[in-house]
Amino acid sequence: MTACLDITNLSATLSGGQRVLRSVSLTVEPGEVRALVGESGAGKSMIGKAVLGVLPPSVKIVEGSIRLEGTDLGALPARERRRVIGAKTALIPQDPLTALNPSRRIGPQMTDRLVHILGWTADRADSRVRQLLDEVHIRDPDRVMRAYPHELSGGMRQRVLIAAAFAAEPRLIVADEPTTALDVTVQKQILRLIAQLQKEHGTAILFVTHDLGVVAKISQKVTVLYAGKVVEEADTATLFANPAHAYTRALMAATPKYTDPQASLKPVDDAVLAGLAAEIAVADHDWRPNLHGGQARG
Ligand SMILES: Nc1ncnc2c1ncn2[C@@H]1O[C@H](COP(=O)(O)OP(=O)(O)OP(=O)(O)O)[C@@H](O)[C@H]1O
């Protein structure tokens with residue numbers, strides 16, 4: 001079976017040469033949810049951005065490949081790459097407010113992508129958006145489609161963006177900390193909603209989060225990232241039952257249990273971090289970007 005997303009040995013550097021991704025490999029099978037977990041700055045969003053073709057200009061892919069349903073994105077001309085990414089993927093962002101244009105009504109913002117990228121008629125896009133608003137339990141679609149972003153609550157805005165992401169039936173959704181900016185009570189509803197739509201639509205998701213409670217609830221597979229390097233990957237159940245790497249164990253110990261918000265936060269042990277830093281220093285010392293064999297692109 002061809003993987004929905006297949007990232008192989010992906011390395012990326014900043015303009016000054018610092019590595020932000022270190023030979024990252026991961027796959028997301030069709031209909032599967034893979035969580036990408038790690039502390040702030042680990043490079044989780046960078047991977048999502050690389051897949052969506054929206055890396056900041058200061059970040060360059062210097063090695064490796066990203067395949068969407070078998071198509072090597074690095075081998076395509078920029079225009080064709082944008083078309084493939086637009087047709088096969090969608091994003092559920094962290095902050096619904098900044099993801100929406102404040103000066104445009106919700107309706108056209110939702111239908112735009114269907115009309116302009118997928119070439120649908122305005123009528124088809126409109127009825128599809130209404131159908132998805134219904135699926136995310138928005139009962140008054142007319143009001144919501146006429147509203148400006150600031151007229152909706154944070155939870156409603158995120159429902160709108162979830163509906164927009166699923167509307168075009170993408171093969172892969174990148175969900176980048178989609179509940180982090182929301183109130184705790186709303187977080188649970190939104191997570192349940194994403195899980196429900198994911199199952200109903202059979203969409204693969206690369207789910208970026210720093211929250212192991214979220215990982216446990218939504219994913220079947222998990223990749224643990226530290227300083228742009230994959231530290232461990234496993235089935236989610238296996239990872240929680242039997243974390244193999246000291247860093248994963250430390251991350252678990254450092255995370256208050258989802259069910260016990262009163263539990264205190266413990267920092268990851270210094271000895272574990274020192275061990276990781278040493279591993280990374282050795283890997284970086286031996287690493288030379290394979291610019292000729294890789295799919296370097298901006
Ligand atoms: N626009 C940018 N230009 C240069 N470096 C960046 C840029 N954005 C992020 N970085 C750096 O790249 C690394 C990875 O950042 P990234 O945002 O992917 O981490 P993350 O794991 O998603 O963390 P967070 O949970 O805080 O978003 C970090 O060292 C960060 O400082």
# chains A, B, ... in the order shown; residues from 1 in each chain; ligands from 1
$ residues_around --residues "Ala216 (chain A)" --least-positions-apart "2" --cutoff "12 Å" --atoms "only C-alpha atoms" --output "JSON list (two decimals) with N, CA and C atoms, in the first residue's frame"
[["chain", "number", "residue", "atom", "x", "y", "z"],
["A", 33, "VAL", "N", -3.96, 8.31, 11.87],
["A", 33, "VAL", "CA", -3.54, 9.53, 12.55],
["A", 33, "VAL", "C", -2.17, 9.29, 13.18],
["A", 34, "ARG", "N", -1.18, 10.07, 12.75],
["A", 34, "ARG", "CA", 0.12, 10.00, 13.37],
["A", 34, "ARG", "C", 0.34, 11.29, 14.16],
["A", 35, "ALA", "N", 0.62, 11.14, 15.45],
["A", 35, "ALA", "CA", 0.94, 12.31, 16.27],
["A", 35, "ALA", "C", 2.44, 12.57, 16.17],
["A", 36, "LEU", "N", 2.76, 13.85, 16.13],
["A", 36, "LEU", "CA", 4.15, 14.29, 16.12],
["A", 36, "LEU", "C", 4.29, 15.09, 17.40],
["A", 37, "VAL", "N", 5.03, 14.53, 18.35],
["A", 37, "VAL", "CA", 5.04, 15.12, 19.68],
["A", 37, "VAL", "C", 6.46, 15.52, 20.06],
["A", 191, "LEU", "N", -11.40, 18.39, 19.89],
["A", 191, "LEU", "CA", -10.63, 17.16, 19.65],
["A", 191, "LEU", "C", -11.57, 16.02, 19.25],
["A", 195, "ALA", "N", -11.65, 13.96, 15.69],
["A", 195, "ALA", "CA", -11.59, 12.49, 15.68],
["A", 195, "ALA", "C", -12.79, 11.91, 14.93],
["A", 207, "PHE", "N", -0.72, 14.93, 13.16],
["A", 207, "PHE", "CA", -1.27, 15.73, 14.25],
["A", 207, "PHE", "C", -0.13, 16.23, 15.13],
["A", 209, "THR", "N", 1.45, 18.10, 18.14],
["A", 209, "THR", "CA", 1.03, 18.50, 19.49],
["A", 209, "THR", "C", 2.19, 18.36, 20.48],
["A", 210, "HIS", "N", 2.12, 19.11, 21.57],
["A", 210, "HIS", "CA", 3.11, 18.91, 22.64],
["A", 210, "HIS", "C", 2.46, 18.14, 23.78],
["A", 211, "ASP", "N", 1.19, 17.74, 23.60],
["A", 211, "ASP", "CA", 0.36, 17.24, 24.70],
["A", 211, "ASP", "C", 0.17, 15.73, 24.57],
["A", 212, "LEU", "N", 0.77, 14.98, 25.48],
["A", 212, "LEU", "CA", 0.67, 13.51, 25.39],
["A", 212, "LEU", "C", -0.76, 13.02, 25.65],
["A", 213, "GLY", "N", -1.55, 13.81, 26.37],
["A", 213, "GLY", "CA", -2.95, 13.45, 26.57],
["A", 213, "GLY", "C", -3.69, 13.44, 25.24],
["A", 214, "VAL", "N", -3.40, 14.43, 24.42],
["A", 214, "VAL", "CA", -4.00, 14.51, 23.09],
["A", 214, "VAL", "C", -3.52, 13.35, 22.22],
["A", 218, "ILE", "N", -6.11, 10.66, 20.27],
["A", 218, "ILE", "CA", -6.44, 10.78, 18.85],
["A", 218, "ILE", "C", -5.62, 9.90, 17.90],
["A", 219, "SER", "N", -4.42, 9.48, 18.30],
["A", 219, "SER", "CA", -3.54, 8.88, 17.29],
["A", 219, "SER", "C", -3.41, 7.37, 17.41],
["A", 220, "GLN", "N", -3.07, 6.76, 16.28],
["A", 220, "GLN", "CA", -2.72, 5.32, 16.30],
["A", 220, "GLN", "C", -1.20, 5.14, 16.31],
["A", 221, "LYS", "N", -0.49, 6.13, 15.75],
["A", 221, "LYS", "CA", 0.97, 6.04, 15.70],
["A", 221, "LYS", "C", 1.52, 7.35, 16.28],
["A", 222, "VAL", "N", 2.75, 7.29, 16.74],
["A", 222, "VAL", "CA", 3.34, 8.51, 17.29],
["A", 222, "VAL", "C", 4.83, 8.57, 16.97],
["A", 235, "ASP", "N", 3.62, 2.43, 17.72],
["A", 235, "ASP", "CA", 2.16, 2.48, 17.87],
["A", 235, "ASP", "C", 1.89, 3.24, 19.17],
["A", 236, "THR", "N", 0.82, 4.02, 19.17],
["A", 236, "THR", "CA", 0.56, 4.85, 20.35],
["A", 236, "THR", "C", 0.41, 3.99, 21.61],
["A", 237, "ALA", "N", -0.34, 2.90, 21.50],
["A", 237, "ALA", "CA", -0.56, 2.05, 22.69],
["A", 237, "ALA", "C", 0.77, 1.50, 23.20],
["A", 238, "THR", "N", 1.62, 1.09, 22.26],
["A", 238, "THR", "CA", 2.93, 0.53, 22.65],
["A", 238, "THR", "C", 3.79, 1.59, 23.33],
["A", 239, "LEU", "N", 3.76, 2.80, 22.76],
["A", 239, "LEU", "CA", 4.58, 3.87, 23.32],
["A", 239, "LEU", "C", 4.20, 4.16, 24.78],
["A", 240, "PHE", "N", 2.89, 4.22, 25.02],
["A", 240, "PHE", "CA", 2.47, 4.53, 26.39],
["A", 240, "PHE", "C", 2.74, 3.35, 27.34],
["A", 241, "ALA", "N", 2.57, 2.13, 26.82],
["A", 241, "ALA", "CA", 2.77, 0.95, 27.67],
["A", 241, "ALA", "C", 4.26, 0.72, 27.93],
["A", 252, "MET", "N", 7.11, 11.80, 29.41],
["A", 252, "MET", "CA", 5.89, 11.30, 30.08],
["A", 252, "MET", "C", 5.88, 11.70, 31.54],
["A", 257, "LYS", "N", -0.68, 14.17, 34.10],
["A", 257, "LYS", "CA", -1.64, 13.27, 33.48],
["A", 257, "LYS", "C", -2.86, 14.07, 33.01],
["A", 258, "TYR", "N", -3.37, 13.67, 31.86],
["A", 258, "TYR", "CA", -4.52, 14.36, 31.28],
["A", 258, "TYR", "C", -5.68, 14.40, 32.28],
["A", 259, "THR", "N", -5.79, 13.31, 33.02],
["A", 259, "THR", "CA", -6.89, 13.19, 33.97],
["A", 259, "THR", "C", -6.60, 13.90, 35.29]]
$ residues_near_ligand --ligand "ligand 1" --cutoff "10 Å" --atoms "only C-alpha atoms and all ligand atoms" --output "ChimeraX atom specification"
/A:12-16,18-21,36-50,55-60,94,176-177,180,208-211,225-228
$ write_last_selection --atoms "C-alpha atoms" --output "short mmCIF file (atom, residue, chain, number, x, y, z; two decimals), in the first residue's frame"
data_model
loop_
_atom_site.label_atom_id
_atom_site.label_comp_id
_atom_site.auth_asym_id
_atom_site.auth_seq_id
_atom_site.Cartn_x
_atom_site.Cartn_y
_atom_site.Cartn_z
CA ALA A 12 16.53 21.38 6.80
CA THR A 13 18.82 24.21 7.79
CA LEU A 14 18.55 27.91 8.57
CA SER A 15 20.42 30.44 6.41
CA GLY A 16 23.34 30.30 8.87
CA GLN A 18 22.07 25.46 11.74
CA ARG A 19 20.07 22.28 11.34
CA VAL A 20 16.40 22.49 12.29
CA LEU A 21 15.45 19.04 10.95
CA LEU A 36 4.15 14.29 16.12
CA VAL A 37 5.04 15.12 19.68
CA GLY A 38 7.87 17.03 21.31
CA GLU A 39 8.68 20.09 23.34
CA SER A 40 8.54 23.64 22.02
CA GLY A 41 11.15 24.21 19.32
CA ALA A 42 11.53 20.50 18.48
CA GLY A 43 10.64 21.17 14.84
CA LYS A 44 7.11 19.75 14.78
CA SER A 45 5.59 22.71 12.94
CA MET A 46 8.58 22.82 10.59
CA ILE A 47 7.71 19.31 9.39
CA GLY A 48 4.08 20.31 8.88
CA LYS A 49 5.16 23.41 6.96
CA ALA A 50 7.56 21.39 4.82
CA LEU A 55 8.48 26.83 5.02
CA PRO A 56 9.76 30.28 6.00
CA PRO A 57 12.23 31.67 3.43
CA SER A 58 15.06 31.32 5.95
CA VAL A 59 14.60 27.55 6.13
CA LYS A 60 15.90 25.35 3.32
CA GLN A 94 -3.28 26.46 15.84
CA ASP A 176 -0.90 21.96 13.99
CA GLU A 177 -1.74 22.16 17.70
CA THR A 180 -3.82 24.81 22.04
CA VAL A 208 1.28 18.12 15.73
CA THR A 209 1.03 18.50 19.49
CA HIS A 210 3.11 18.91 22.64
CA ASP A 211 0.36 17.24 24.70
CA LEU A 225 10.87 14.57 18.13
CA TYR A 226 13.68 16.38 19.94
CA ALA A 227 15.81 19.14 18.38
CA GLY A 228 14.61 18.22 14.90
#
$ closest_residue --among "A:Val24, A:Ala204, A:Ala78, A:Leu197" --to "Ala3 (chain A)" --atoms "only C-alpha atoms"
A:Ala204
$ select_by_dssp --residues "region 20-149 of chain A" --states "alpha helix (DSSP H)" --output "count of residues only"
55
$ closest_residue --among "A:Arg104, A:Lys188, A:Arg128, A:His116" --to "Ala87 (chain A)" --atoms "only C-alpha atoms"
A:His116
$ residues_around --residues "Ser65 (chain A)" --least-positions-apart "4" --cutoff "8 Å" --atoms "only C-alpha atoms" --output "number ranges by chain"
A: 6-10, 72-74, 294-295
$ write_last_selection --atoms "C-alpha atoms" --output "PDB file, in the first residue's frame"
ATOM      1  CA  ASP A   6       6.204   9.368   3.267  1.00  0.00           C
ATOM      2  CA  ILE A   7       9.004  11.577   4.579  1.00  0.00           C
ATOM      3  CA  THR A   8      12.488  10.140   4.125  1.00  0.00           C
ATOM      4  CA  ASN A   9      15.696  11.513   5.652  1.00  0.00           C
ATOM      5  CA  LEU A  10      14.457  15.083   5.611  1.00  0.00           C
ATOM      6  CA  ASP A  72       7.851  13.082  -4.801  1.00  0.00           C
ATOM      7  CA  LEU A  73       7.126  16.760  -4.166  1.00  0.00           C
ATOM      8  CA  GLY A  74      10.776  17.787  -4.541  1.00  0.00           C
ATOM      9  CA  GLY A 294      18.486  15.014  -2.138  1.00  0.00           C
ATOM     10  CA  GLN A 295      15.506  17.066  -3.187  1.00  0.00           C
TER      11      GLN A 295
END
$ closest_residue --among "A:Leu182, A:Leu26, A:Ala147, A:Leu52" --to "Pro96 (chain A)" --atoms "only C-alpha atoms"
A:Leu182
$ select_by_dssp --residues "region 57-262 of chain A" --states "strand (DSSP E or B)" --output "count of residues only"
40
$ closest_residue --among "A:Arg157, A:His245, A:His285, A:Arg22" --to "Asp95 (chain A)" --atoms "only C-alpha atoms"
A:Arg157
$ residues_around --residues "Val160 (chain A)" --least-positions-apart "3" --cutoff "8 Å" --atoms "only C-alpha atoms" --output "PyMOL selection string"
chain A and resi 110+133+136+156-157+163-164
$ closest_residue --among "A:Phe166, A:Gly155, A:Pro108, A:Arg82" --to "Asp142 (chain A)" --atoms "only C-alpha atoms"
A:Pro108
$ closest_residue --among "A:Glu279, A:Val51, A:Leu100, A:Trp287" --to "Glu63 (chain A)" --atoms "only C-alpha atoms"
A:Trp287
$ decode --residues "region 62-105 of chain A" --atoms "C-alpha atoms" --output "PDB file, in the first residue's frame"
ATOM      1  CA  VAL A  62      18.912  20.346   2.092  1.00  0.00           C
ATOM      2  CA  GLU A  63      18.300  16.622   1.966  1.00  0.00           C
ATOM      3  CA  GLY A  64      15.602  14.003   1.771  1.00  0.00           C
ATOM      4  CA  SER A  65      12.190  13.653   0.199  1.00  0.00           C
ATOM      5  CA  ILE A  66       8.508  14.168   0.900  1.00  0.00           C
ATOM      6  CA  ARG A  67       6.094  11.932  -1.005  1.00  0.00           C
ATOM      7  CA  LEU A  68       2.362  12.487  -1.069  1.00  0.00           C
ATOM      8  CA  GLU A  69       0.597   9.306  -2.207  1.00  0.00           C
ATOM      9  CA  GLY A  70       3.820   8.307  -3.940  1.00  0.00           C
ATOM     10  CA  THR A  71       4.444  11.653  -5.670  1.00  0.00           C
ATOM     11  CA  ASP A  72       7.851  13.082  -4.801  1.00  0.00           C
ATOM     12  CA  LEU A  73       7.126  16.760  -4.166  1.00  0.00           C
ATOM     13  CA  GLY A  74      10.776  17.787  -4.541  1.00  0.00           C
ATOM     14  CA  ALA A  75      10.862  16.388  -8.070  1.00  0.00           C
ATOM     15  CA  LEU A  76       7.988  18.598  -9.266  1.00  0.00           C
ATOM     16  CA  PRO A  77       8.214  22.115 -10.720  1.00  0.00           C
ATOM     17  CA  ALA A  78       7.024  24.679  -8.146  1.00  0.00           C
ATOM     18  CA  ARG A  79       3.651  25.299  -9.803  1.00  0.00           C
ATOM     19  CA  GLU A  80       2.785  21.614 -10.106  1.00  0.00           C
ATOM     20  CA  ARG A  81       3.980  21.032  -6.540  1.00  0.00           C
ATOM     21  CA  ARG A  82       1.591  23.736  -5.295  1.00  0.00           C
ATOM     22  CA  ARG A  83      -1.242  22.151  -7.269  1.00  0.00           C
ATOM     23  CA  VAL A  84      -0.605  18.667  -5.833  1.00  0.00           C
ATOM     24  CA  ILE A  85      -0.290  19.997  -2.280  1.00  0.00           C
ATOM     25  CA  GLY A  86      -3.464  22.096  -2.731  1.00  0.00           C
ATOM     26  CA  ALA A  87      -5.428  19.132  -4.042  1.00  0.00           C
ATOM     27  CA  LYS A  88      -4.250  16.518  -1.535  1.00  0.00           C
ATOM     28  CA  THR A  89      -3.710  18.341   1.742  1.00  0.00           C
ATOM     29  CA  ALA A  90      -5.317  20.788   4.134  1.00  0.00           C
ATOM     30  CA  LEU A  91      -4.322  22.509   7.363  1.00  0.00           C
ATOM     31  CA  ILE A  92      -6.111  22.858  10.669  1.00  0.00           C
ATOM     32  CA  PRO A  93      -4.059  25.648  12.247  1.00  0.00           C
ATOM     33  CA  GLN A  94      -3.278  26.463  15.844  1.00  0.00           C
ATOM     34  CA  ASP A  95      -4.828  29.888  15.978  1.00  0.00           C
ATOM     35  CA  PRO A  96      -8.139  30.179  14.151  1.00  0.00           C
ATOM     36  CA  LEU A  97      -8.214  33.960  14.438  1.00  0.00           C
ATOM     37  CA  THR A  98      -4.944  34.631  12.652  1.00  0.00           C
ATOM     38  CA  ALA A  99      -5.731  31.951  10.065  1.00  0.00           C
ATOM     39  CA  LEU A 100      -8.854  33.822   8.953  1.00  0.00           C
ATOM     40  CA  ASN A 101      -8.875  37.116   7.082  1.00  0.00           C
ATOM     41  CA  PRO A 102     -10.477  39.569   9.553  1.00  0.00           C
ATOM     42  CA  SER A 103     -11.988  41.762   6.861  1.00  0.00           C
ATOM     43  CA  ARG A 104     -13.824  39.053   4.888  1.00  0.00           C
ATOM     44  CA  ARG A 105     -16.986  37.154   5.713  1.00  0.00           C
TER      45      ARG A 105
END
